Amino acid sequence: MPHVHHDHAHGHTPAVSSTNERVVLSGFVLTAGFMVVEVAGGLWSGSLALLADAGHMLTDAAALLLAWLAFRMGRRASDARRTFGYLRFEVLAGLVNALTLFALVAWIVWEAIQRLRDPAEVLAGPMLAVAVVGLGVNCLVFWILHRGDQGHVNIRGATLHVLGDLLGSVAAIAAALVIRFTGWMPIDPILSVLVCLLILRSAWALLRGSFHILMEGAPPDVDIEVLRRHLLDAVPGVAAVDHVHVWSITSGRVLATLELALADGAAPARVVPAVKRALADRFAIGHATVEVVHAPPADCALAGEPRGGAAHGGNRADAGHDHHHRHGPDSPPHDAVR
């Protein structure tokens, strides 16, 4: 089966720019720097809430560092072995970060249980001072991140992490005030567990998103059946759309492969570019591989694949092999246009 070139004209994706790199790096330096201060303050004051917030800041610092590395790696050119470059590094980094968050939550909850059984004395003064400074640092980092491209998942994710840090600092301030004015020590481990819930929520969202991309699932804003109907209705000359697969290489970089059957008299040279424009404009799919067949495809159930099947990144050589068996050696030739 003859193949023509890939279409590398991508749709809009958030820029991997030097501005984004500087924003993320500045946020990392501030977050990591104060994290060290907060750990020292937590150990000095005996506050588990401060240590929990420092743990949250540790994960944020790791997320910012991984985001910066993802920007750097994402700019590396593709080669013959890695045809999409290092774009998926961001997803792998997110998966590692999520697993680290779960481990941290387990440790803090265990420590909180021990302290509820045997409350430890907490120095409210140092705890309050560190928590107030932490709130100021988080506000500064939040402002810095808002100078970056909020359309990029790394920037947006880091901003959400910092919002969680802000709540963690507020919780530490509240615990310090309660201890200072009432002397009730259990408030410290109780609020540390509340901070853990913030961490756990971020960890689950990050793990689920990373795993979905690694499993080559369809992006949440792309409905395969809606996509098929849109191409049939919006692009003249399209008679059938089948074997639709949509997946993401990384955040904002969506790819698709599909098979078209054209109406009588329709010219592939006109229909295929129109299909790619429709995919880019309506679904933000900037890299599409389109295979054209001269006759409507047979029922997909006969080929062992559901109509508009599950998204994955299968290669077109397998698709060609499948057609050979379905149509037989005497079937008309196919035109594969990419």
# chains A, B, ... in the order shown; residues from 1 in each chain; ligands from 1

call {"tool": "residues_around", "arguments": {"residues": "region 219-227 of chain A", "least_positions_apart": "4", "cutoff": "7 Å", "atoms": "only C-alpha atoms", "output": "count of residues only"}}
result
5

call {"tool": "select_by_dssp", "arguments": {"residues": "region 30-264 of chain A", "states": "alpha helix (DSSP H)", "output": "PDB file with C-alpha atoms, in the first residue's frame"}}
result
ATOM      1  CA  LEU A  30      11.353  30.153  45.752  1.00  0.00           C
ATOM      2  CA  THR A  31       9.342  27.059  46.664  1.00  0.00           C
ATOM      3  CA  ALA A  32      12.363  24.832  47.267  1.00  0.00           C
ATOM      4  CA  GLY A  33      14.140  27.544  49.232  1.00  0.00           C
ATOM      5  CA  PHE A  34      11.270  28.131  51.609  1.00  0.00           C
ATOM      6  CA  MET A  35      10.587  24.405  51.880  1.00  0.00           C
ATOM      7  CA  VAL A  36      13.978  24.054  53.603  1.00  0.00           C
ATOM      8  CA  VAL A  37      13.047  26.887  55.972  1.00  0.00           C
ATOM      9  CA  GLU A  38       9.675  25.266  56.717  1.00  0.00           C
ATOM     10  CA  VAL A  39      11.242  21.885  57.457  1.00  0.00           C
ATOM     11  CA  ALA A  40      13.640  23.584  59.895  1.00  0.00           C
ATOM     12  CA  GLY A  41      10.763  25.506  61.468  1.00  0.00           C
ATOM     13  CA  GLY A  42       8.646  22.350  61.757  1.00  0.00           C
ATOM     14  CA  LEU A  43      11.442  20.450  63.472  1.00  0.00           C
ATOM     15  CA  TRP A  44      12.204  23.392  65.782  1.00  0.00           C
ATOM     16  CA  SER A  45       8.591  24.016  66.779  1.00  0.00           C
ATOM     17  CA  LEU A  48       3.449  18.293  62.161  1.00  0.00           C
ATOM     18  CA  ALA A  49       1.235  20.762  60.294  1.00  0.00           C
ATOM     19  CA  LEU A  50       4.332  22.696  59.238  1.00  0.00           C
ATOM     20  CA  LEU A  51       6.078  19.491  58.204  1.00  0.00           C
ATOM     21  CA  ALA A  52       2.979  18.450  56.237  1.00  0.00           C
ATOM     22  CA  ASP A  53       2.929  21.818  54.499  1.00  0.00           C
ATOM     23  CA  ALA A  54       6.651  21.449  53.825  1.00  0.00           C
ATOM     24  CA  GLY A  55       5.886  18.061  52.309  1.00  0.00           C
ATOM     25  CA  HIS A  56       3.296  19.698  50.093  1.00  0.00           C
ATOM     26  CA  MET A  57       5.873  22.299  49.097  1.00  0.00           C
ATOM     27  CA  LEU A  58       8.331  19.478  48.387  1.00  0.00           C
ATOM     28  CA  THR A  59       5.903  17.978  45.896  1.00  0.00           C
ATOM     29  CA  ASP A  60       5.293  21.409  44.397  1.00  0.00           C
ATOM     30  CA  ALA A  61       9.022  22.010  44.079  1.00  0.00           C
ATOM     31  CA  ALA A  62       9.387  18.603  42.443  1.00  0.00           C
ATOM     32  CA  ALA A  63       6.487  19.372  40.096  1.00  0.00           C
ATOM     33  CA  LEU A  64       8.044  22.705  39.134  1.00  0.00           C
ATOM     34  CA  LEU A  65      11.457  21.130  38.607  1.00  0.00           C
ATOM     35  CA  LEU A  66       9.968  18.347  36.483  1.00  0.00           C
ATOM     36  CA  ALA A  67       7.969  20.926  34.543  1.00  0.00           C
ATOM     37  CA  TRP A  68      11.143  22.872  33.844  1.00  0.00           C
ATOM     38  CA  LEU A  69      12.942  19.705  32.768  1.00  0.00           C
ATOM     39  CA  ALA A  70       9.953  18.838  30.576  1.00  0.00           C
ATOM     40  CA  PHE A  71      10.219  22.224  28.876  1.00  0.00           C
ATOM     41  CA  ARG A  72      13.931  21.684  28.312  1.00  0.00           C
ATOM     42  CA  MET A  73      13.531  18.102  27.082  1.00  0.00           C
ATOM     43  CA  GLY A  74      10.542  19.040  24.934  1.00  0.00           C
ATOM     44  CA  PHE A  89       8.876  13.111  29.230  1.00  0.00           C
ATOM     45  CA  GLU A  90       6.348  15.493  30.797  1.00  0.00           C
ATOM     46  CA  VAL A  91       3.860  12.657  31.269  1.00  0.00           C
ATOM     47  CA  LEU A  92       6.450  10.319  32.795  1.00  0.00           C
ATOM     48  CA  ALA A  93       7.504  13.096  35.148  1.00  0.00           C
ATOM     49  CA  GLY A  94       3.897  13.604  36.205  1.00  0.00           C
ATOM     50  CA  LEU A  95       3.484   9.897  36.945  1.00  0.00           C
ATOM     51  CA  VAL A  96       6.598   9.829  39.163  1.00  0.00           C
ATOM     52  CA  ASN A  97       5.425  12.960  40.971  1.00  0.00           C
ATOM     53  CA  ALA A  98       1.986  11.449  41.637  1.00  0.00           C
ATOM     54  CA  LEU A  99       3.447   8.253  43.130  1.00  0.00           C
ATOM     55  CA  THR A 100       5.723  10.350  45.350  1.00  0.00           C
ATOM     56  CA  LEU A 101       2.714  12.306  46.604  1.00  0.00           C
ATOM     57  CA  PHE A 102       0.937   9.111  47.672  1.00  0.00           C
ATOM     58  CA  ALA A 103       3.990   7.950  49.619  1.00  0.00           C
ATOM     59  CA  LEU A 104       4.241  11.319  51.371  1.00  0.00           C
ATOM     60  CA  VAL A 105       0.564  11.279  52.360  1.00  0.00           C
ATOM     61  CA  ALA A 106       0.950   7.808  53.879  1.00  0.00           C
ATOM     62  CA  TRP A 107       3.868   8.984  56.040  1.00  0.00           C
ATOM     63  CA  ILE A 108       2.109  12.131  57.289  1.00  0.00           C
ATOM     64  CA  VAL A 109      -1.115  10.271  58.147  1.00  0.00           C
ATOM     65  CA  TRP A 110       0.855   7.634  60.060  1.00  0.00           C
ATOM     66  CA  GLU A 111       2.709  10.316  62.007  1.00  0.00           C
ATOM     67  CA  ALA A 112      -0.545  12.166  62.718  1.00  0.00           C
ATOM     68  CA  ILE A 113      -2.102   9.014  64.177  1.00  0.00           C
ATOM     69  CA  GLN A 114       0.878   8.571  66.502  1.00  0.00           C
ATOM     70  CA  ARG A 115       0.600  12.184  67.668  1.00  0.00           C
ATOM     71  CA  LEU A 116      -3.122  11.895  68.309  1.00  0.00           C
ATOM     72  CA  ARG A 117      -2.376   8.913  70.567  1.00  0.00           C
ATOM     73  CA  ALA A 124       3.163  28.187  68.733  1.00  0.00           C
ATOM     74  CA  GLY A 125       5.343  31.301  68.278  1.00  0.00           C
ATOM     75  CA  PRO A 126       7.925  29.891  65.810  1.00  0.00           C
ATOM     76  CA  MET A 127       5.181  27.874  64.095  1.00  0.00           C
ATOM     77  CA  LEU A 128       3.083  31.007  63.511  1.00  0.00           C
ATOM     78  CA  ALA A 129       6.043  33.030  62.229  1.00  0.00           C
ATOM     79  CA  VAL A 130       7.087  30.360  59.717  1.00  0.00           C
ATOM     80  CA  ALA A 131       3.510  29.802  58.541  1.00  0.00           C
ATOM     81  CA  VAL A 132       2.962  33.532  57.915  1.00  0.00           C
ATOM     82  CA  VAL A 133       6.172  33.800  55.900  1.00  0.00           C
ATOM     83  CA  GLY A 134       5.149  30.677  53.984  1.00  0.00           C
ATOM     84  CA  LEU A 135       1.832  32.284  53.079  1.00  0.00           C
ATOM     85  CA  GLY A 136       3.705  35.279  51.680  1.00  0.00           C
ATOM     86  CA  VAL A 137       6.075  33.089  49.648  1.00  0.00           C
ATOM     87  CA  ASN A 138       3.166  31.113  48.210  1.00  0.00           C
ATOM     88  CA  CYS A 139       1.393  34.312  47.195  1.00  0.00           C
ATOM     89  CA  LEU A 140       4.557  35.469  45.429  1.00  0.00           C
ATOM     90  CA  VAL A 141       4.979  32.157  43.596  1.00  0.00           C
ATOM     91  CA  PHE A 142       1.303  32.238  42.588  1.00  0.00           C
ATOM     92  CA  TRP A 143       1.784  35.706  41.097  1.00  0.00           C
ATOM     93  CA  ILE A 144       4.932  34.609  39.226  1.00  0.00           C
ATOM     94  CA  LEU A 145       3.202  31.560  37.739  1.00  0.00           C
ATOM     95  CA  VAL A 153      -0.748  21.938  31.668  1.00  0.00           C
ATOM     96  CA  ASN A 154       2.580  22.360  33.474  1.00  0.00           C
ATOM     97  CA  ILE A 155       1.878  26.008  34.328  1.00  0.00           C
ATOM     98  CA  ARG A 156      -1.756  25.358  35.162  1.00  0.00           C
ATOM     99  CA  GLY A 157      -0.910  22.323  37.293  1.00  0.00           C
ATOM    100  CA  ALA A 158       1.800  24.212  39.190  1.00  0.00           C
ATOM    101  CA  THR A 159      -0.637  27.064  39.849  1.00  0.00           C
ATOM    102  CA  LEU A 160      -3.163  24.636  41.331  1.00  0.00           C
ATOM    103  CA  HIS A 161      -0.429  23.126  43.494  1.00  0.00           C
ATOM    104  CA  VAL A 162       0.444  26.571  44.847  1.00  0.00           C
ATOM    105  CA  LEU A 163      -3.215  27.217  45.669  1.00  0.00           C
ATOM    106  CA  GLY A 164      -3.068  24.049  47.753  1.00  0.00           C
ATOM    107  CA  ASP A 165       0.052  25.393  49.449  1.00  0.00           C
ATOM    108  CA  LEU A 166      -1.793  28.608  50.274  1.00  0.00           C
ATOM    109  CA  LEU A 167      -4.478  26.580  52.036  1.00  0.00           C
ATOM    110  CA  GLY A 168      -1.773  24.569  53.796  1.00  0.00           C
ATOM    111  CA  SER A 169      -0.187  27.755  55.102  1.00  0.00           C
ATOM    112  CA  VAL A 170      -3.574  29.019  56.277  1.00  0.00           C
ATOM    113  CA  ALA A 171      -4.124  25.711  58.100  1.00  0.00           C
ATOM    114  CA  ALA A 172      -0.728  26.002  59.801  1.00  0.00           C
ATOM    115  CA  ILE A 173      -1.518  29.580  60.859  1.00  0.00           C
ATOM    116  CA  ALA A 174      -4.871  28.454  62.260  1.00  0.00           C
ATOM    117  CA  ALA A 175      -3.233  25.599  64.179  1.00  0.00           C
ATOM    118  CA  ALA A 176      -0.620  27.935  65.624  1.00  0.00           C
ATOM    119  CA  LEU A 177      -3.279  30.408  66.788  1.00  0.00           C
ATOM    120  CA  VAL A 178      -5.376  27.659  68.394  1.00  0.00           C
ATOM    121  CA  ILE A 179      -2.328  26.291  70.252  1.00  0.00           C
ATOM    122  CA  ARG A 180      -1.225  29.767  71.318  1.00  0.00           C
ATOM    123  CA  PHE A 181      -4.584  30.759  72.790  1.00  0.00           C
ATOM    124  CA  THR A 182      -6.005  27.421  73.978  1.00  0.00           C
ATOM    125  CA  ILE A 187      -5.198  20.573  66.423  1.00  0.00           C
ATOM    126  CA  ASP A 188      -1.730  20.262  64.868  1.00  0.00           C
ATOM    127  CA  PRO A 189      -1.983  16.616  63.660  1.00  0.00           C
ATOM    128  CA  ILE A 190      -5.672  17.121  62.770  1.00  0.00           C
ATOM    129  CA  LEU A 191      -4.897  20.004  60.421  1.00  0.00           C
ATOM    130  CA  SER A 192      -1.903  18.110  59.031  1.00  0.00           C
ATOM    131  CA  VAL A 193      -4.331  15.396  57.903  1.00  0.00           C
ATOM    132  CA  LEU A 194      -6.503  18.073  56.260  1.00  0.00           C
ATOM    133  CA  VAL A 195      -3.433  19.224  54.338  1.00  0.00           C
ATOM    134  CA  CYS A 196      -2.917  15.598  53.319  1.00  0.00           C
ATOM    135  CA  LEU A 197      -6.381  15.573  51.763  1.00  0.00           C
ATOM    136  CA  LEU A 198      -5.285  18.465  49.545  1.00  0.00           C
ATOM    137  CA  ILE A 199      -2.160  16.542  48.583  1.00  0.00           C
ATOM    138  CA  LEU A 200      -4.172  13.380  47.930  1.00  0.00           C
ATOM    139  CA  ARG A 201      -6.600  15.200  45.648  1.00  0.00           C
ATOM    140  CA  SER A 202      -3.733  16.617  43.578  1.00  0.00           C
ATOM    141  CA  ALA A 203      -1.989  13.243  43.494  1.00  0.00           C
ATOM    142  CA  TRP A 204      -5.066  11.395  42.246  1.00  0.00           C
ATOM    143  CA  ALA A 205      -5.760  13.942  39.486  1.00  0.00           C
ATOM    144  CA  LEU A 206      -2.136  13.838  38.379  1.00  0.00           C
ATOM    145  CA  LEU A 207      -1.966  10.038  38.455  1.00  0.00           C
ATOM    146  CA  ARG A 208      -5.233   9.633  36.541  1.00  0.00           C
ATOM    147  CA  GLY A 209      -4.240  12.166  33.866  1.00  0.00           C
ATOM    148  CA  SER A 210      -0.758  10.722  33.378  1.00  0.00           C
ATOM    149  CA  PHE A 211      -2.027   7.140  33.253  1.00  0.00           C
ATOM    150  CA  HIS A 212      -4.726   8.052  30.716  1.00  0.00           C
ATOM    151  CA  ILE A 213      -2.159   9.589  28.363  1.00  0.00           C
ATOM    152  CA  LEU A 214       0.260   6.678  28.771  1.00  0.00           C
ATOM    153  CA  ILE A 224     -15.114   9.759  18.783  1.00  0.00           C
ATOM    154  CA  GLU A 225     -18.723   9.468  17.613  1.00  0.00           C
ATOM    155  CA  VAL A 226     -19.160  13.251  17.579  1.00  0.00           C
ATOM    156  CA  LEU A 227     -15.957  13.508  15.550  1.00  0.00           C
ATOM    157  CA  ARG A 228     -17.232  10.987  12.977  1.00  0.00           C
ATOM    158  CA  ARG A 229     -20.567  12.758  12.606  1.00  0.00           C
ATOM    159  CA  HIS A 230     -18.867  16.142  12.295  1.00  0.00           C
ATOM    160  CA  LEU A 231     -16.657  14.951   9.423  1.00  0.00           C
ATOM    161  CA  LEU A 232     -19.634  13.369   7.649  1.00  0.00           C
ATOM    162  CA  ASP A 233     -21.720  16.537   7.998  1.00  0.00           C
ATOM    163  CA  ALA A 234     -19.109  19.259   7.605  1.00  0.00           C
TER     164      ALA A 234
END

call {"tool": "closest_residue", "arguments": {"among": "A:Val24, A:Ile285, A:Ala278, A:Ala267", "to": "Ile249 (chain A)", "atoms": "only C-alpha atoms"}}
result
A:Ile285
